[in-house]
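Undergrad: If it helps, the file is called data.txt and holds compact mmCIF, C-alpha atoms:
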# COMPACT_ATOMS: atom_id res chain seq x y z
CA MET A 1 76.81 82.92 145.59
CA THR A 2 77.78 83.02 141.92
CA ASP A 3 77.41 80.32 139.26
CA ARG A 4 81.16 79.86 139.32
CA GLN A 5 81.14 79.25 143.06
CA GLU A 6 78.28 76.75 142.69
CA GLU A 7 80.19 74.81 140.02
CA GLN A 8 83.37 74.81 142.09
CA ALA A 9 81.38 73.66 145.14
CA ALA A 10 80.11 70.65 143.15
CA MET A 11 83.64 69.87 141.92
CA TYR A 12 84.95 70.26 145.46
CA SER A 13 82.45 67.69 146.77
CA LEU A 14 83.64 65.24 144.07
CA HIS A 15 87.32 65.88 144.90
CA VAL A 16 88.20 67.03 141.35
CA LEU A 17 89.05 70.64 142.19
CA ASP A 18 92.77 71.50 141.99
CA GLU A 19 94.64 72.75 145.06
CA HIS A 20 94.74 76.37 143.94
CA ASP A 21 90.99 76.57 143.45
CA LYS A 22 90.42 74.63 146.67
CA ARG A 23 92.31 77.30 148.62
CA ILE A 24 90.30 80.05 146.95
CA LEU A 25 87.00 78.27 147.60
CA ARG A 26 87.85 77.64 151.25
CA SER A 27 88.73 81.32 151.67
CA GLU A 28 85.42 82.33 150.10
CA MET A 29 83.54 79.86 152.30
CA LYS A 30 84.83 81.64 155.41
CA VAL A 31 82.92 84.80 154.51
CA ASP A 32 79.97 83.36 152.54
CA ALA A 33 77.44 81.37 154.58
CA ARG A 34 75.40 80.41 151.51
CA LEU A 35 78.52 79.01 149.86
CA ARG A 36 79.28 76.93 152.96
CA GLU A 37 75.74 75.58 152.94
CA ALA A 38 75.96 74.72 149.25
CA VAL A 39 79.24 72.86 149.73
CA ALA A 40 77.74 70.94 152.65
CA GLU A 41 74.69 69.99 150.59
CA PHE A 42 76.82 68.86 147.66
CA GLU A 43 79.02 66.75 149.94
CA GLU A 44 75.97 65.22 151.61
CA THR A 45 74.36 64.47 148.28
CA ALA A 46 77.57 63.00 146.89
CA ALA A 47 77.82 60.73 149.94
CA GLU A 48 74.17 59.71 149.56
CA ILE A 49 74.69 58.92 145.90
CA ALA A 50 77.73 56.83 146.75
CA HIS A 51 75.57 54.71 149.15
CA LEU A 52 72.88 54.30 146.51
CA LEU A 53 75.23 53.02 143.87
CA PRO A 54 75.15 49.23 143.37
CA GLU A 55 78.24 47.30 144.22
CA GLU A 56 78.46 45.79 140.79
CA ALA A 57 79.03 47.91 137.75
CA PRO A 58 75.97 48.48 135.53
CA PRO A 59 75.72 46.63 132.24
CA PRO A 60 78.10 48.05 129.62
CA GLU A 61 75.30 48.84 127.17
CA LEU A 62 73.40 50.84 129.81
CA ARG A 63 76.50 52.74 130.80
CA ALA A 64 77.18 53.52 127.13
CA ARG A 65 73.65 54.80 126.62
CA LEU A 66 73.85 56.95 129.74
CA LEU A 67 77.18 58.43 128.76
CA ALA A 68 75.86 59.19 125.30
CA GLU A 69 72.87 60.93 126.82
CA ILE A 70 75.11 62.86 129.19
CA ARG A 71 77.31 64.08 126.33
CA ARG A 72 74.23 65.40 124.52
CA SER A 73 73.11 67.34 127.56
CA LYS A 74 74.31 70.82 128.37
CA ARG A 75 76.87 71.02 131.12
CA SER A 76 74.86 73.63 133.00
CA ASN A 77 71.88 71.32 133.13
CA ILE A 78 74.06 68.45 134.36
CA VAL A 79 75.68 70.44 137.14
CA THR A 80 72.75 72.41 138.48
CA GLY A 81 69.66 70.72 137.13
CA VAL A 82 69.73 67.48 139.11
CA VAL A 83 67.89 67.55 142.42
CA PHE A 84 69.88 65.05 144.47
CA GLY A 85 67.44 64.82 147.37
CA PHE A 86 64.82 63.08 145.19
CA ILE A 87 67.07 60.42 143.76
CA ARG A 88 65.94 56.95 144.85
CA SER A 89 66.71 54.53 142.03
CA PRO A 90 70.27 53.12 142.07
CA TRP A 91 70.43 53.34 138.29
CA VAL A 92 69.22 56.90 138.22
CA ALA A 93 71.64 57.70 141.04
CA TRP A 94 74.46 56.15 139.09
CA ALA A 95 73.53 58.21 136.05
CA ALA A 96 73.30 61.39 138.11
CA ALA A 97 76.66 60.77 139.73
CA ALA A 98 78.20 59.95 136.38
CA GLY A 99 76.69 63.09 134.87
CA LEU A 100 77.92 65.25 137.74
CA ALA A 101 81.38 63.73 137.57
CA PHE A 102 81.51 64.05 133.82
CA GLY A 103 80.39 67.68 133.91
CA ALA A 104 82.83 68.53 136.68
CA PHE A 105 85.64 66.79 134.86
CA ARG A 106 84.84 68.67 131.67
CA LEU A 107 84.89 71.96 133.57
CA TRP A 108 88.20 71.08 135.13
CA GLU A 109 89.63 69.89 131.80
CA GLU A 110 88.57 73.07 130.02
CA LYS A 111 90.03 75.17 132.83
CA GLN A 112 93.31 73.30 132.55
CA GLN A 113 93.37 73.79 128.78
CA ILE A 114 92.70 77.50 129.15
CA ALA A 115 95.35 77.77 131.85
CA ALA A 116 97.82 75.99 129.56
CA GLN A 117 97.02 78.42 126.74
CA ILE A 118 97.49 81.55 128.83
CA PRO A 119 101.33 81.60 128.72
CA ALA A 120 101.29 81.13 124.94
CA LEU A 121 98.72 83.90 124.55
CA GLN A 122 100.72 86.17 126.80
CA ALA A 123 103.88 85.40 124.82
CA SER A 124 102.01 86.12 121.58
CA GLU A 125 100.82 89.42 122.99
CA VAL A 126 104.38 90.33 124.00
CA ARG A 127 105.67 89.41 120.53
CA ALA A 128 102.90 91.43 118.87
CA LYS A 129 103.79 94.47 120.98
CA GLU A 130 107.49 94.05 120.18
CA GLU A 131 106.75 93.71 116.45
CA THR A 132 104.53 96.80 116.60
CA GLN A 133 107.30 98.76 118.31
CA LEU A 134 109.84 97.58 115.74
CA ALA A 135 107.48 98.57 112.92
CA GLU A 136 107.00 102.01 114.46
CA GLN A 137 110.76 102.42 114.86
CA ALA A 138 111.33 101.35 111.25
CA LYS A 139 108.66 103.80 110.08
CA THR A 140 110.25 106.63 112.08
CA GLU A 141 113.70 105.79 110.70
CA LEU A 142 112.37 105.74 107.12
CA GLU A 143 110.66 109.10 107.64
CA GLN A 144 113.88 110.56 109.04
CA ARG A 145 115.88 109.15 106.12
CA LEU A 146 113.36 110.58 103.67
CA VAL A 147 113.63 114.02 105.27
CA ALA A 148 117.41 113.79 105.19
CA ALA A 149 117.39 112.62 101.56
CA THR A 150 115.07 115.47 100.60
CA SER A 151 117.30 117.95 102.37
CA ASN A 152 120.41 116.51 100.70
CA THR A 153 118.72 116.63 97.30
CA ALA A 154 117.80 120.28 97.80
CA ALA A 155 121.35 121.08 98.91
CA LEU A 156 122.87 119.25 95.95
CA THR A 157 120.47 120.97 93.54
CA ALA A 158 121.44 124.35 94.97
CA GLU A 159 125.13 123.46 94.73
CA VAL A 160 124.80 122.33 91.12
CA SER A 161 122.97 125.55 90.27
CA ARG A 162 125.65 127.58 92.02
CA LEU A 163 128.41 125.74 90.19
CA LYS A 164 126.65 126.21 86.88
CA GLN A 165 126.29 129.89 87.53
CA ALA A 166 129.88 130.16 88.69
CA ASN A 167 131.06 128.22 85.66
CA ALA A 168 128.94 130.33 83.34
CA VAL A 169 130.24 133.54 84.84
CA SER A 170 133.84 132.32 84.76
CA SER A 171 133.56 131.51 81.07
CA MET A 172 132.18 134.93 80.13
CA GLU A 173 134.19 137.92 79.02
CA ILE A 174 133.02 141.50 78.54
CA ALA A 175 134.72 143.76 76.02
CA THR A 176 134.01 147.40 75.22
CA LEU A 177 134.88 148.60 71.72
CA ARG A 178 136.31 152.11 71.29
CA SER A 179 136.93 154.25 68.26
CA GLY A 180 139.60 156.82 67.48
CA ILE A 181 137.67 158.09 64.49
CA LYS A 182 135.69 161.26 65.16
CA ARG A 183 132.60 160.02 63.33
CA TYR A 184 132.33 157.04 65.66
CA GLU A 185 133.62 158.54 68.93
CA GLU A 186 130.15 158.81 70.47
CA GLY A 187 129.25 155.30 69.46
CA VAL A 188 128.99 152.57 72.10
CA ALA A 189 129.63 148.85 71.41
CA VAL A 190 129.79 146.21 74.13
CA VAL A 191 130.43 142.48 73.62
CA VAL A 192 129.62 139.72 76.12
CA TRP A 193 131.45 136.55 75.06
CA ASP A 194 130.79 133.02 76.42
CA SER A 195 133.78 130.85 75.58
CA ASN A 196 132.03 127.63 76.66
CA ALA A 197 129.02 128.25 74.43
CA GLN A 198 131.23 129.70 71.68
CA GLN A 199 128.80 132.56 71.18
CA GLY A 200 128.29 136.11 72.33
CA GLN A 201 126.03 139.13 72.36
CA LEU A 202 126.74 142.56 70.89
CA LYS A 203 124.92 145.73 71.88
CA MET A 204 125.47 148.99 70.08
CA ASP A 205 124.11 152.50 70.60
CA LYS A 206 124.60 155.97 69.08
CA MET A 207 126.17 154.50 65.99
CA PRO A 208 126.01 156.63 62.85
CA PRO A 209 124.29 155.14 59.82
CA VAL A 210 126.49 153.43 57.23
CA GLN A 211 126.65 154.44 53.59
CA PRO A 212 124.30 152.81 51.10
CA ASN A 213 125.26 149.26 50.15
CA LYS A 214 127.36 149.00 53.32
CA ASP A 215 127.01 147.11 56.63
CA TYR A 216 128.77 146.98 59.97
CA GLN A 217 130.59 143.65 60.46
CA LEU A 218 131.89 142.16 63.74
CA TRP A 219 135.19 140.29 64.01
CA VAL A 220 136.80 138.12 66.71
CA ILE A 221 140.54 138.45 67.02
CA ASP A 222 141.90 135.08 68.18
CA LYS A 223 145.57 134.92 69.19
CA ALA A 224 145.74 131.39 67.83
CA LYS A 225 144.70 132.53 64.34
CA THR A 226 146.47 134.69 61.79
CA LYS A 227 143.32 136.53 60.64
CA PRO A 228 140.24 137.88 62.40
CA VAL A 229 137.25 135.52 62.41
CA ASP A 230 133.92 136.63 60.93
CA ALA A 231 131.23 137.02 63.62
CA GLY A 232 128.44 138.34 61.39
CA VAL A 233 126.83 141.44 59.95
CA VAL A 234 125.25 144.04 62.26
CA LYS A 235 122.42 146.30 61.16
CA VAL A 236 121.46 149.31 63.30
CA ASN A 237 118.09 151.04 63.40
CA ASP A 238 117.42 154.72 62.71
CA ARG A 239 118.56 155.56 66.26
CA GLY A 240 121.88 153.83 65.75
CA ARG A 241 120.99 150.90 68.04
CA ALA A 242 121.42 147.15 67.59
CA THR A 243 121.40 144.06 69.78
CA ILE A 244 122.39 140.72 68.26
CA THR A 245 123.54 137.29 69.34
CA PHE A 246 126.45 136.10 67.24
CA LYS A 247 128.42 132.91 66.66
CA PRO A 248 131.77 133.05 64.86
CA VAL A 249 132.16 130.99 61.71
CA GLN A 250 135.17 129.21 63.25
CA PRO A 251 135.85 127.83 66.77
CA ILE A 252 137.55 130.41 68.95
CA THR A 253 140.46 129.43 71.18
CA ASP A 254 141.24 132.78 72.75
CA ALA A 255 138.90 135.69 72.08
CA SER A 256 141.38 138.32 73.13
CA ARG A 257 139.81 141.22 71.22
CA PHE A 258 136.78 142.21 69.17
CA ALA A 259 136.63 144.62 66.23
CA LEU A 260 134.00 146.32 64.09
CA SER A 261 134.48 147.35 60.48
CA VAL A 262 132.37 148.76 57.66
CA GLU A 263 132.11 146.29 54.80
CA LYS A 264 130.02 145.94 51.69
CA GLU A 265 126.42 144.98 52.24
CA GLY A 266 125.99 141.38 53.40
CA GLY A 267 129.52 141.14 54.78
CA VAL A 268 132.72 139.50 53.57
CA PRO A 269 134.61 136.33 54.66
CA GLU A 270 137.78 138.33 55.24
CA GLY A 271 138.01 141.98 56.23
CA GLU A 272 138.37 144.46 53.36
CA GLY A 273 137.24 147.71 54.96
CA SER A 274 138.78 149.77 57.69
CA ILE A 275 138.45 148.85 61.38
CA ILE A 276 136.40 151.63 62.99
CA MET A 277 136.12 150.25 66.56
CA ILE A 278 138.19 147.76 68.56
CA SER A 279 138.42 146.50 72.15
CA PRO A 280 141.59 147.17 74.13
For the structure just supplied, provide its representation as structure tokens.

TA:
Amino acid sequence: MTDRQEEQAAMYSLHVLDEHDKRILRSEMKVDARLREAVAEFEETAAEIAHLLPEEAPPPELRARLLAEIRRSKRSNIVTGVVFGFIRSPWVAWAAAAGLAFGAFRLWEEKQQIAAQIPALQASEVRAKEETQLAEQAKTELEQRLVAATSNTAALTAEVSRLKQANAVSSMEIATLRSGIKRYEEGVAVVVWDSNAQQGQLKMDKMPPVQPNKDYQLWVIDKAKTKPVDAGVVKVNDRGRATITFKPVQPITDASRFALSVEKEGGVPEGEGSIIMISP
């Protein structure tokens, strides 16, 4: 027999056990002889205590003192510590019965309170699980959105780069300068012009050296202008090579052709010498 069964047996004998627990206790009594004996002893003792109680109620001050003493005692001592068979005094019997009843009532009251709290606790548990699931779903959605945003950013970056490259290539022109003069026939001059940047690059090879106090000078022939536009002086090394980046002195609308002339050293604002090479 367990402590719980002993407590319920005492409450059963005092008729304070609820119907549900009564049914459980009666079922347990069918298979537990010790429990049946305990219930019988409690009922017998309760009946004996009832006969010992005086017909009149005890003085109020005594009852108050007894109740105060009972409240200070531990419930376990009240329920199981009283040996009913040795009770002889009516006042002691009254105190014992009051203590037993009080302890049993407290047990029953606490059980009822716990039972009343169970639905709320269960509901709280359900809400907590639902909130946890919602939080997990929100986390998963955010992670998916982050992955998608990262992917979109990478795609946009690649597209911007592609467009920049496409735009850069579309704005570039390549021109090869040729010469009809025997001295410069072996010479090579190539211009790469970027209309957006308004600048270009010239590369020359196998160019003969110029006379003293002379320089090669590059010109941009713009259809929108009446005269070629100065693009700078070009100096070649002893192998006849040169690579320069140039920027015309005026904005270019349509760089249709490029030309190379031999001018006095340092160049001139307007062409004075002969054109030795020109693009088609």

Undergrad: Extract, using all atoms listed in the file, all DNA, RNA and protein residues at most 8 Å from A:Trp219, discarding same-chain residues fewer than 6 positions from it, and format them as a list of chain:residue names.

TA: A:Pro228, A:Val229, A:Asp230, A:Ala231, A:Gly232, A:Phe258, A:Ala259, A:Leu260, A:Ser261

Undergrad: Could you turn the residues from that selection into a file that holds C-alpha atoms, as a PDB file, keeping the file's coordinate frame?

TA:
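Contents of part-v1.pdb, freshly written:
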ATOM      1  CA  PRO A 228     140.240 137.880  62.400  1.00  0.00           C
ATOM      2  CA  VAL A 229     137.250 135.520  62.410  1.00  0.00           C
ATOM      3  CA  ASP A 230     133.920 136.630  60.930  1.00  0.00           C
ATOM      4  CA  ALA A 231     131.230 137.020  63.620  1.00  0.00           C
ATOM      5  CA  GLY A 232     128.440 138.340  61.390  1.00  0.00           C
ATOM      6  CA  PHE A 258     136.780 142.210  69.170  1.00  0.00           C
ATOM      7  CA  ALA A 259     136.630 144.620  66.230  1.00  0.00           C
ATOM      8  CA  LEU A 260     134.000 146.320  64.090  1.00  0.00           C
ATOM      9  CA  SER A 261     134.480 147.350  60.480  1.00  0.00           C
TER      10      SER A 261
END

Undergrad: If we count all atoms listed in the file and set the cut-off at 8 Å, which residues sit around A:Val192, ignoring sequence neighbours fewer than 5 positions away in its own chain? Please answer as number ranges by chain.

TA: A: 172-175, 200-202

Undergrad: Store the residues of this selection in a file with C-alpha atoms, as a short mmCIF file (atom, residue, chain, number, x, y, z; two decimals), in the frame of the given file.

TA:
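The result, stored in selection_22.cif:
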data_model
loop_
_atom_site.label_atom_id
_atom_site.label_comp_id
_atom_site.auth_asym_id
_atom_site.auth_seq_id
_atom_site.Cartn_x
_atom_site.Cartn_y
_atom_site.Cartn_z
CA MET A 172 132.18 134.93 80.13
CA GLU A 173 134.19 137.92 79.02
CA ILE A 174 133.02 141.50 78.54
CA ALA A 175 134.72 143.76 76.02
CA GLY A 200 128.29 136.11 72.33
CA GLN A 201 126.03 139.13 72.36
CA LEU A 202 126.74 142.56 70.89
#

Undergrad: May I have the residues within 9 Å of A:Ser279 as a VMD selection string, using only C-alpha atoms and disregarding those fewer than 5 positions away in the same chain?

TA: chain A and resid 175 to 179 190 256 to 259

Undergrad: Name the residues in contact with A:Val262 at a cut-off of 8 Å, using all atoms listed in the file, excluding same-chain residues fewer than 6 positions from it; report them as a list of chain:residue names.

TA: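 Final neighbour list, sorted by chain and number: A:Val210, A:Lys214, A:Asp215, A:Tyr216, A:Gln217, A:Gly273, A:Ser274, A:Ile275, A:Ile276.
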
Undergrad: Rounded to one decimal, what separation in Å do you get between atom CA of A:His20 and atom CA of A:Ile114?

TA: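 We find that atom CA of A:His20 and atom CA of A:Ile114 lie 15.0 Å from each other.
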
Undergrad: What does the distance between atom CA of A:Glu263 and atom CA of A:Asn196 come to in Å, to one decimal place?

TA: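 Going from atom CA of A:Glu263 over to atom CA of A:Asn196 covers 28.7 Å.
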
Undergrad: Need the neighbours of (141.7, 132.1, 72.5): which residues are at most 8 Å away, counting all atoms listed in the file, as a VMD selection string?

TA: chain A and resid 222 to 224 252 to 256

Undergrad: Could you work out how far atom CA of A:Gln8 lies from atom CA of A:Val39, giving the answer in Å with one decimal?

TA: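 Spanning atom CA of A:Val39 to atom CA of A:Gln8 is a straight-line distance of 8.9 Å.
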